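Inspection log for the structure reproduced underneath, given as structure tokens.
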Amino acid sequence: MNRTINIEAIKYLDKQIKVCGWAQAIRSHGKIIFIDLRDMSGILQLVCSSDMAKEIRPEWVIEAIGEINNRPAKMVNPKIATGKVELAVKELKVLSKAKTLPFSIEGDGYEINEEKRLKYRYLDLRRERLKKNLKARNEIIRFIREYLRKENFIEIQTPLLSKSTPEGARDYLIPSRLHPGKFFALPQSPQQYKQLLMLAGFEKYFQIAPCFRDEAARADRSPGEFYQLDIEMSFVEQDDILNLTENLFTALVKTLFPEKRIKKIPFPRLSYQSAMDKYNSDKPDLRNDKNNPDELAFCWLIDFPLFQKQSKEDFFYGAGKKLAPSHHMFTAPKKEDIKMLDKEPLKAKSYQHDLVLNGVEIGGGSIRIHDLKIQEKIFDLIGFSKKQKEQFSHFLAAFQYGVPPHGGIAPGLDRFIRILLGENNIRETIAFPLSGDARDLMMDAPSEVSEEQLKELKIKIKV
RNA sequence: GGACCCGUAGUGUAGCCUGGUUUAACACGCUUCCCUGUCACGGAAGAGAUCGUGGGUUCAAAUCCCAUCGGGUCCGCCA
């Protein structure tokens with residue numbers, strides 16, 4: 001006899017089936033005992049005799065064989081999907097006992113100390129709300145993949161062991177054993193790889209890309225690692241990128257979240273300057289009712305300045321040049337503004353685009369530079385030293401071999417999912433999130449390593 | 001790097017401001033017993049907390065002070 005999942009039990013009326021799962025609630029009435037059996041699909045009520053089930057405790061893993069019966073009319077429970085039936089248990093087997101859980105997995109769990117929830121994340125994930133969130137995340141990613149495949153995009157994995165380059169955030173570094181004193185860096189984004197894939201001729205690329213940045217956490221920003229929907233296309237204009245993204249997200253919301261209402265389609269497009277003038281923000285919240293969880297107000301921000309004045313913290317750009325890229329150093333200036341680069345570069349605008357949802361920046365991108373001369377000019381304007389330019393020599397070398405005009409975007413998946421699910425904290429949408437200070441409280445990582453490991457890496461720890 | 005908030009049985013809270021009728025309370029959970037229709041079952045009894053840690057003030061500290069540890073939020077940071 002094959003095992004059946006709880007939700008399917010309802011199909012097997014008057015038949016013998018076997019079900020497995022966790023004993024979620026046990027209600028003893030002396031001679032008769034009811035058990036709510038939870039599995040991946042939901043809850044099924046088991047009806048057991050006392051001698052069969054009196055030892056069973058909550059969260060034990062059990063297997064039950066019996067016959068599926070209709071419940072008496074008065075006993076139907078409309079609150080659960082299998083509420084019309086129940087399993088009259090003939091054989092009950094304990095597969096695994098369980099200690100009393102350190103916290104309740106009923107309810108939404110927001111009130112429980114998060115440190116405990118993260119330490120016992122595998123138990124917290126038994127909670128209905130988190131199961132629902134991860135299933136929704138799965139559906140969202142599945143939808144994105146299917147949508148982009150239909151649009152002839154190709155999904156390509158780019159390396160995780162990569163090179164540290166002077167970009168925005170702090171890198172996570174990986175020491176190389178075979179090359180002592182040298183380090184890999186985990187990618188802050190697959191930016192260079194995806195542009196080189198365009199150069200290689202793939203034309204339409206995407207990836208559910210893990211990205212790593214060694215920066216502090218926020219409620220809507222996970223520390224350490226996050227996933228972005230990385231997209232790049234060749235032979236396109238900015239409009240094409242905006243339209244693709246907009247159509248994808250609109251279709252996604254309509255299909256998976258039909259109860260939500262997108263405030264305006266097509267998404268409003270605001271210039272950076274007009275947004276700053278009108279809302280004093282480059283990520284304005286355009287919702288009518290900020291308390292309505294079903295309102296989604298997307299908008300685009302475009303016409304960003306290509307440069308901003310360099311702040312003291314921009315230590316990786318050349319000193320004294322006073323310019324830092326607003327977006328990144330591969331973003332193309334607007335065609336009509338190229339002539340400004342020599343005399344008044346701060347006035348030049350770029351083909352950068354940010355996607356904003358309910359006051360949160362959920363993605364950014366641009367048309368990239370595909371002209372080697374302009375790329376070199378940008379490097380000069382931000383004051384790159386010879387040494388800094390050398391870190392991009394592979395990139396500049398590649399640009400001598402025929403570069404298609406290209407551009408893309410990279411929406412942050414965790415952030416987008418957080419808003420769709422109405423969660424306040426991004427950790428509620430991630431299976432095994434790091435804590436605010438970038439530690440894994442369940443695995444207890446990062447951790448110390450052995451002397452032998454350090455010796456192999458030729459690393460000495462000075463404290 | 002900075003600011004603010006939190007820490008009391010397994011979980012969530014009350015008590016703290018105004019130190020002493022506190023034998024630290026309540027809800028949920030847990031243990032044992034009763035119960036054949038419950039579904040977050042119900043009923044009875046019981047166990048479980050040196051109040052994050054260290055120091056100080058005091059006749060007396062969960063309560064006041066200092067330090068420290070842990071967690072969270074925000075600013076900086078996040079091309």
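Chain labels A, B, ... are given in the sequence in which chains occur in the structure tokens; within each chain residues are numbered consecutively from 1, and ligands are likewise numbered from 1 in the order shown.
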Return the neighbours of chain A among the residues of chain B, cut-off 8 Å, counting only C-alpha atoms (C1' of nucleotides), as a VMD selection string.
chain B and resid 10 to 12 29 to 30 34 to 39 41 71 73 77 to 79
For the selection you just gave me, I'd like the residues written to a file as a compact mmCIF listing (two decimals), in the first residue's frame, keeping N, CA and C atoms (P, O5', C5', C4', C3', O3' and C1' of nucleotides).
# COMPACT_ATOMS: atom_id res chain seq x y z
P G B 10 12.96 27.46 31.80
O5' G B 10 12.22 26.94 30.48
C5' G B 10 13.00 26.47 29.39
C4' G B 10 12.10 26.32 28.18
C3' G B 10 11.41 27.59 27.72
O3' G B 10 12.24 28.35 26.86
C1' G B 10 9.81 25.87 27.91
P U B 11 12.13 29.94 26.79
O5' U B 11 10.72 30.15 26.10
C5' U B 11 10.54 29.86 24.72
C4' U B 11 9.17 30.30 24.27
C3' U B 11 8.79 31.73 24.64
O3' U B 11 9.34 32.68 23.73
C1' U B 11 7.03 30.32 25.22
P G B 12 9.72 34.14 24.26
O5' G B 12 8.28 34.79 24.50
C5' G B 12 7.41 35.00 23.41
C4' G B 12 6.08 35.51 23.90
C3' G B 12 6.14 36.74 24.79
O3' G B 12 6.33 37.92 24.03
C1' G B 12 4.64 35.16 25.71
P G B 29 -2.25 24.80 25.97
O5' G B 29 -0.70 24.44 26.02
C5' G B 29 0.06 24.35 24.82
C4' G B 29 1.52 24.14 25.16
C3' G B 29 1.84 22.88 25.96
O3' G B 29 1.96 21.74 25.12
C1' G B 29 2.92 24.73 26.94
P C B 30 1.57 20.30 25.67
O5' C B 30 2.63 20.06 26.84
C5' C B 30 4.00 19.86 26.55
C4' C B 30 4.76 19.59 27.82
C3' C B 30 4.19 18.47 28.69
O3' C B 30 4.62 17.20 28.24
C1' C B 30 4.64 20.35 30.03
P C B 34 -7.37 7.43 34.48
O5' C B 34 -8.61 8.43 34.50
C5' C B 34 -9.52 8.42 35.59
C4' C B 34 -10.64 9.41 35.33
C3' C B 34 -11.33 9.28 33.98
O3' C B 34 -12.30 8.25 33.99
C1' C B 34 -10.85 11.56 34.42
P C B 35 -12.48 7.38 32.62
O5' C B 35 -13.16 8.41 31.63
C5' C B 35 -14.48 8.89 31.87
C4' C B 35 -14.81 9.98 30.89
C3' C B 35 -14.66 9.63 29.42
O3' C B 35 -15.80 8.93 28.93
C1' C B 35 -13.69 11.75 29.84
P U B 36 -15.54 7.79 27.76
O5' U B 36 -16.05 8.50 26.42
C5' U B 36 -15.22 9.42 25.75
C4' U B 36 -15.68 9.59 24.32
C3' U B 36 -17.19 9.80 24.18
O3' U B 36 -17.41 10.74 23.14
C1' U B 36 -16.53 7.95 22.89
P G B 37 -18.34 12.00 23.43
O5' G B 37 -18.11 12.93 22.17
C5' G B 37 -16.98 13.78 22.12
C4' G B 37 -16.85 14.35 20.73
C3' G B 37 -18.18 14.79 20.11
O3' G B 37 -17.94 15.92 19.29
C1' G B 37 -17.14 13.22 18.72
P U B 38 -18.36 17.39 19.79
O5' U B 38 -16.95 18.09 19.99
C5' U B 38 -16.31 18.06 21.26
C4' U B 38 -14.83 17.86 21.07
C3' U B 38 -14.15 18.87 20.17
O3' U B 38 -13.86 20.09 20.85
C1' U B 38 -13.40 16.70 19.65
P C B 39 -13.97 21.48 20.09
O5' C B 39 -12.85 21.37 18.96
C5' C B 39 -11.48 21.35 19.33
C4' C B 39 -10.66 21.03 18.11
C3' C B 39 -10.80 22.03 16.98
O3' C B 39 -9.94 23.11 17.25
C1' C B 39 -10.90 19.81 16.14
P C B 41 -6.80 21.15 20.32
O5' C B 41 -8.29 21.18 20.88
C5' C B 41 -8.53 21.18 22.28
C4' C B 41 -10.00 21.24 22.52
C3' C B 41 -10.41 21.50 23.95
O3' C B 41 -10.32 22.89 24.29
C1' C B 41 -11.69 19.73 23.09
P G B 71 23.80 38.55 19.19
O5' G B 71 22.28 38.99 19.20
C5' G B 71 21.26 38.01 19.08
C4' G B 71 19.90 38.63 19.27
C3' G B 71 19.55 39.79 18.35
O3' G B 71 19.20 39.37 17.05
C1' G B 71 18.94 40.35 20.55
P U B 73 16.00 44.08 12.83
O5' U B 73 15.60 45.59 13.13
C5' U B 73 14.23 45.97 13.20
C4' U B 73 14.13 47.42 13.59
C3' U B 73 14.94 48.39 12.73
O3' U B 73 14.29 48.71 11.52
C1' U B 73 15.29 48.89 15.01
P C B 77 26.96 57.19 4.03
O5' C B 77 27.28 55.63 3.93
C5' C B 77 28.63 55.15 4.00
C4' C B 77 28.63 53.65 4.09
C3' C B 77 28.00 52.90 2.91
O3' C B 77 28.91 52.78 1.82
C1' C B 77 27.15 52.01 4.92
P C B 78 28.33 52.86 0.34
O5' C B 78 27.36 51.60 0.28
C5' C B 78 27.88 50.27 0.19
C4' C B 78 26.74 49.28 0.16
C3' C B 78 25.81 49.38 -1.04
O3' C B 78 26.35 48.71 -2.15
C1' C B 78 24.52 49.21 0.93
P A B 79 25.74 49.05 -3.59
O5' A B 79 26.92 49.74 -4.37
C5' A B 79 27.51 50.96 -3.91
C4' A B 79 28.19 51.60 -5.07
C3' A B 79 27.32 52.60 -5.85
O3' A B 79 28.15 53.66 -6.31
C1' A B 79 28.08 50.92 -7.30
Please list as a PyMOL selection string every residue within 10 Å of Asp285 in chain A, counting only C-alpha atoms (C1' of nucleotides) and excluding residues in the same chain fewer than 6 positions away.
chain A and resi 279+296-299+356-361
Give me the residues within 10 Å of Tyr401 in chain A as a list in words, counting only C-alpha atoms (C1' of nucleotides) and dropping any in the same chain fewer than 3 places off.
Leu199, Ala200, Leu396, Ala397, Ala398 and Pro404 of chain A
Now that the selection is made, can you save its residues with C-alpha atoms as a PDB file, in the first residue's frame?
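Now in result-v2.pdb:
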ATOM      1  CA  LEU A 199      29.747  40.090 -25.720  1.00  0.00           C
ATOM      2  CA  ALA A 200      29.772  36.304 -26.173  1.00  0.00           C
ATOM      3  CA  LEU A 396      38.599  46.367 -21.365  1.00  0.00           C
ATOM      4  CA  ALA A 397      40.421  43.710 -23.389  1.00  0.00           C
ATOM      5  CA  ALA A 398      37.128  41.985 -24.103  1.00  0.00           C
ATOM      6  CA  PRO A 404      26.694  44.583 -28.861  1.00  0.00           C
TER       7      PRO A 404
END
Excluding same-chain residues fewer than 4 positions from A25 in chain B, what lies within 12 Å of it counting only C-alpha atoms (C1' of nucleotides), as a PyMOL selection string?
chain B and resi 8-9+13-15
Can you tell me how far CA of Ile156 in chain A sits from CA of Leu242 in chain A, in Å to one decimal?
21.5 Å
Those in range 118-315 of chain A with strand (DSSP E) from DSSP, as a ChimeraX atom specification
/A:154-155,173-175,183-185,204-213,224-234,261-262,269-271,295-296,298-302,307-309
Kindly save the residues from that selection, with N, CA and C atoms included, as a compact mmCIF listing (two decimals), in the first residue's frame.
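File part-v2.txt, as written:
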# COMPACT_ATOMS: atom_id res chain seq x y z
N ILE A 154 17.98 32.79 -21.77
CA ILE A 154 18.72 31.61 -21.36
C ILE A 154 19.26 31.85 -19.95
N GLU A 155 19.09 30.84 -19.09
CA GLU A 155 19.56 30.97 -17.71
C GLU A 155 20.96 30.39 -17.62
N LEU A 173 35.77 37.82 1.16
CA LEU A 173 36.99 37.29 0.55
C LEU A 173 37.17 35.81 0.91
N ILE A 174 37.68 35.05 -0.05
CA ILE A 174 37.95 33.63 0.13
C ILE A 174 39.44 33.40 -0.14
N PRO A 175 40.19 32.98 0.86
CA PRO A 175 41.62 32.77 0.62
C PRO A 175 41.86 31.59 -0.32
N PHE A 183 43.37 36.07 -3.04
CA PHE A 183 42.01 35.86 -2.57
C PHE A 183 41.00 35.88 -3.71
N PHE A 184 40.02 35.00 -3.61
CA PHE A 184 38.82 35.17 -4.41
C PHE A 184 37.91 36.15 -3.68
N ALA A 185 36.96 36.73 -4.42
CA ALA A 185 35.88 37.48 -3.77
C ALA A 185 34.57 36.87 -4.24
N LYS A 204 20.10 37.29 -24.65
CA LYS A 204 19.07 37.38 -23.60
C LYS A 204 19.44 36.43 -22.48
N TYR A 205 19.90 36.97 -21.38
CA TYR A 205 20.38 36.15 -20.26
C TYR A 205 19.58 36.48 -19.01
N PHE A 206 19.36 35.45 -18.17
CA PHE A 206 18.90 35.76 -16.82
C PHE A 206 19.47 34.73 -15.86
N GLN A 207 19.40 35.06 -14.59
CA GLN A 207 19.87 34.16 -13.54
C GLN A 207 19.22 34.56 -12.23
N ILE A 208 18.81 33.56 -11.45
CA ILE A 208 18.42 33.83 -10.07
C ILE A 208 19.73 33.82 -9.31
N ALA A 209 20.33 35.01 -9.19
CA ALA A 209 21.75 35.09 -8.85
C ALA A 209 21.98 35.39 -7.38
N PRO A 210 22.77 34.53 -6.71
CA PRO A 210 23.17 34.86 -5.35
C PRO A 210 24.22 35.96 -5.38
N CYS A 211 24.06 36.94 -4.49
CA CYS A 211 24.97 38.06 -4.43
C CYS A 211 25.43 38.24 -2.99
N PHE A 212 26.64 38.72 -2.82
CA PHE A 212 27.24 38.78 -1.48
C PHE A 212 27.79 40.16 -1.22
N ARG A 213 27.36 40.77 -0.13
CA ARG A 213 27.91 42.07 0.25
C ARG A 213 28.09 42.10 1.75
N GLY A 224 25.04 40.02 4.28
CA GLY A 224 25.77 38.90 3.71
C GLY A 224 25.32 38.54 2.32
N GLU A 225 24.20 37.84 2.23
CA GLU A 225 23.83 37.30 0.93
C GLU A 225 22.37 37.57 0.60
N PHE A 226 22.09 37.69 -0.68
CA PHE A 226 20.70 37.86 -1.13
C PHE A 226 20.63 37.39 -2.58
N TYR A 227 19.42 37.28 -3.08
CA TYR A 227 19.23 36.83 -4.45
C TYR A 227 18.66 37.94 -5.30
N GLN A 228 19.20 38.10 -6.49
CA GLN A 228 18.59 39.04 -7.41
C GLN A 228 18.25 38.36 -8.72
N LEU A 229 17.18 38.86 -9.34
CA LEU A 229 16.81 38.38 -10.66
C LEU A 229 17.65 39.18 -11.64
N ASP A 230 18.73 38.55 -12.10
CA ASP A 230 19.71 39.26 -12.91
C ASP A 230 19.35 39.08 -14.38
N ILE A 231 19.15 40.19 -15.07
CA ILE A 231 18.71 40.15 -16.47
C ILE A 231 19.62 41.04 -17.31
N GLU A 232 19.98 40.56 -18.51
CA GLU A 232 20.77 41.39 -19.43
C GLU A 232 20.34 41.07 -20.86
N MET A 233 20.27 42.08 -21.69
CA MET A 233 19.82 41.90 -23.07
C MET A 233 20.68 42.73 -24.02
N SER A 234 20.84 42.18 -25.23
CA SER A 234 21.60 42.90 -26.26
C SER A 234 20.65 43.53 -27.28
N ARG A 261 -3.83 44.81 -6.24
CA ARG A 261 -4.17 45.73 -7.31
C ARG A 261 -2.96 46.62 -7.59
N ILE A 262 -2.52 46.60 -8.84
CA ILE A 262 -1.42 47.49 -9.23
C ILE A 262 -2.02 48.85 -9.52
N ARG A 269 6.60 56.80 -15.06
CA ARG A 269 8.05 57.00 -15.21
C ARG A 269 8.38 58.42 -14.78
N LEU A 270 9.18 58.52 -13.73
CA LEU A 270 9.54 59.83 -13.20
C LEU A 270 11.03 60.07 -13.45
N SER A 271 11.35 61.29 -13.84
CA SER A 271 12.76 61.60 -13.90
C SER A 271 13.28 61.78 -12.48
N GLU A 295 -2.43 47.03 -2.14
CA GLU A 295 -2.12 48.05 -3.15
C GLU A 295 -0.63 48.01 -3.49
N LEU A 296 -0.35 47.91 -4.79
CA LEU A 296 1.03 47.89 -5.25
C LEU A 296 1.25 49.09 -6.17
N PHE A 298 3.90 50.62 -8.29
CA PHE A 298 5.20 50.58 -8.95
C PHE A 298 5.46 51.92 -9.61
N CYS A 299 6.73 52.30 -9.72
CA CYS A 299 7.07 53.38 -10.63
C CYS A 299 8.53 53.24 -11.04
N TRP A 300 8.85 53.85 -12.17
CA TRP A 300 10.23 53.87 -12.66
C TRP A 300 10.87 55.20 -12.35
N LEU A 301 12.14 55.18 -12.01
CA LEU A 301 12.90 56.42 -11.97
C LEU A 301 13.95 56.34 -13.06
N ILE A 302 14.01 57.41 -13.87
CA ILE A 302 14.97 57.45 -14.98
C ILE A 302 15.66 58.80 -15.02
N PHE A 307 26.92 61.10 -12.76
CA PHE A 307 27.86 61.17 -11.63
C PHE A 307 27.21 61.86 -10.46
N GLN A 308 27.77 61.58 -9.30
CA GLN A 308 27.48 62.41 -8.15
C GLN A 308 28.81 62.86 -7.57
N LYS A 309 28.74 63.86 -6.71
CA LYS A 309 29.99 64.32 -6.08
C LYS A 309 30.50 63.21 -5.18
Any chance you could list, as a PyMOL selection string, the residues in range 177-421 of chain A that come up alpha helix (DSSP H) when DSSP is run on the backbone?
chain A and resi 191-200+238-256+272-279+372-381+386-390+393-398+413-421
Give me, as JSON lines, the closest atom pair and its distance (Å, one decimal) for every residue of range 352-426 of chain A within a cut-off of 6 Å of range 331-336 of chain A, counting only C-alpha atoms, rows sorted by chain and rising number.
{"residue": "A:Ser366", "atom": "CA", "partner": "A:Thr331", "partner_atom": "CA", "distance": 5.8}
{"residue": "A:Ile367", "atom": "CA", "partner": "A:Ala332", "partner_atom": "CA", "distance": 5.7}
{"residue": "A:Arg368", "atom": "CA", "partner": "A:Thr331", "partner_atom": "CA", "distance": 4.6}
{"residue": "A:Ile369", "atom": "CA", "partner": "A:Ala332", "partner_atom": "CA", "distance": 4.5}
Taking 2 positions as the minimum chain separation for residues in the same chain, which residues sit within 10 Å of Ile459 in chain A when counting only C-alpha atoms (C1' of nucleotides)? Answer as a VMD selection string.
chain A and resid 175 177 180 to 181 451 453 to 457 461 to 462
Just the selected residues (C-alpha atoms), exported as a PDB file, in the first residue's frame, please.
ATOM      1  CA  PRO A 175      41.624  32.768   0.619  1.00  0.00           C
ATOM      2  CA  ARG A 177      45.152  27.591  -0.924  1.00  0.00           C
ATOM      3  CA  PRO A 180      48.896  31.784  -1.025  1.00  0.00           C
ATOM      4  CA  GLY A 181      48.382  35.447  -0.335  1.00  0.00           C
ATOM      5  CA  GLU A 451      45.316  25.347  12.769  1.00  0.00           C
ATOM      6  CA  GLN A 453      43.432  24.700   7.675  1.00  0.00           C
ATOM      7  CA  LEU A 454      45.052  28.044   8.390  1.00  0.00           C
ATOM      8  CA  LYS A 455      48.483  26.576   7.849  1.00  0.00           C
ATOM      9  CA  GLU A 456      47.486  25.270   4.421  1.00  0.00           C
ATOM     10  CA  LEU A 457      46.222  28.726   3.547  1.00  0.00           C
ATOM     11  CA  ILE A 461      45.397  35.270  12.779  1.00  0.00           C
ATOM     12  CA  LYS A 462      46.457  38.368  14.661  1.00  0.00           C
TER      13      LYS A 462
END
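If you look at CA of Asp380 in chain A and CA of Lys322 in chain A, they are 11.4 Å away from each other.
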What does the distance between CA of Tyr272 in chain A and CA of Gln310 in chain A come to in Å, to one decimal place?
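These two atoms are separated by 18.4 Å.
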Residue nearest Lys377 in chain A among A:Lys15, A:Arg287, A:Lys349, A:Lys389 (counting only C-alpha atoms):
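Smallest distance to Lys377 in chain A is found for A:Lys389.
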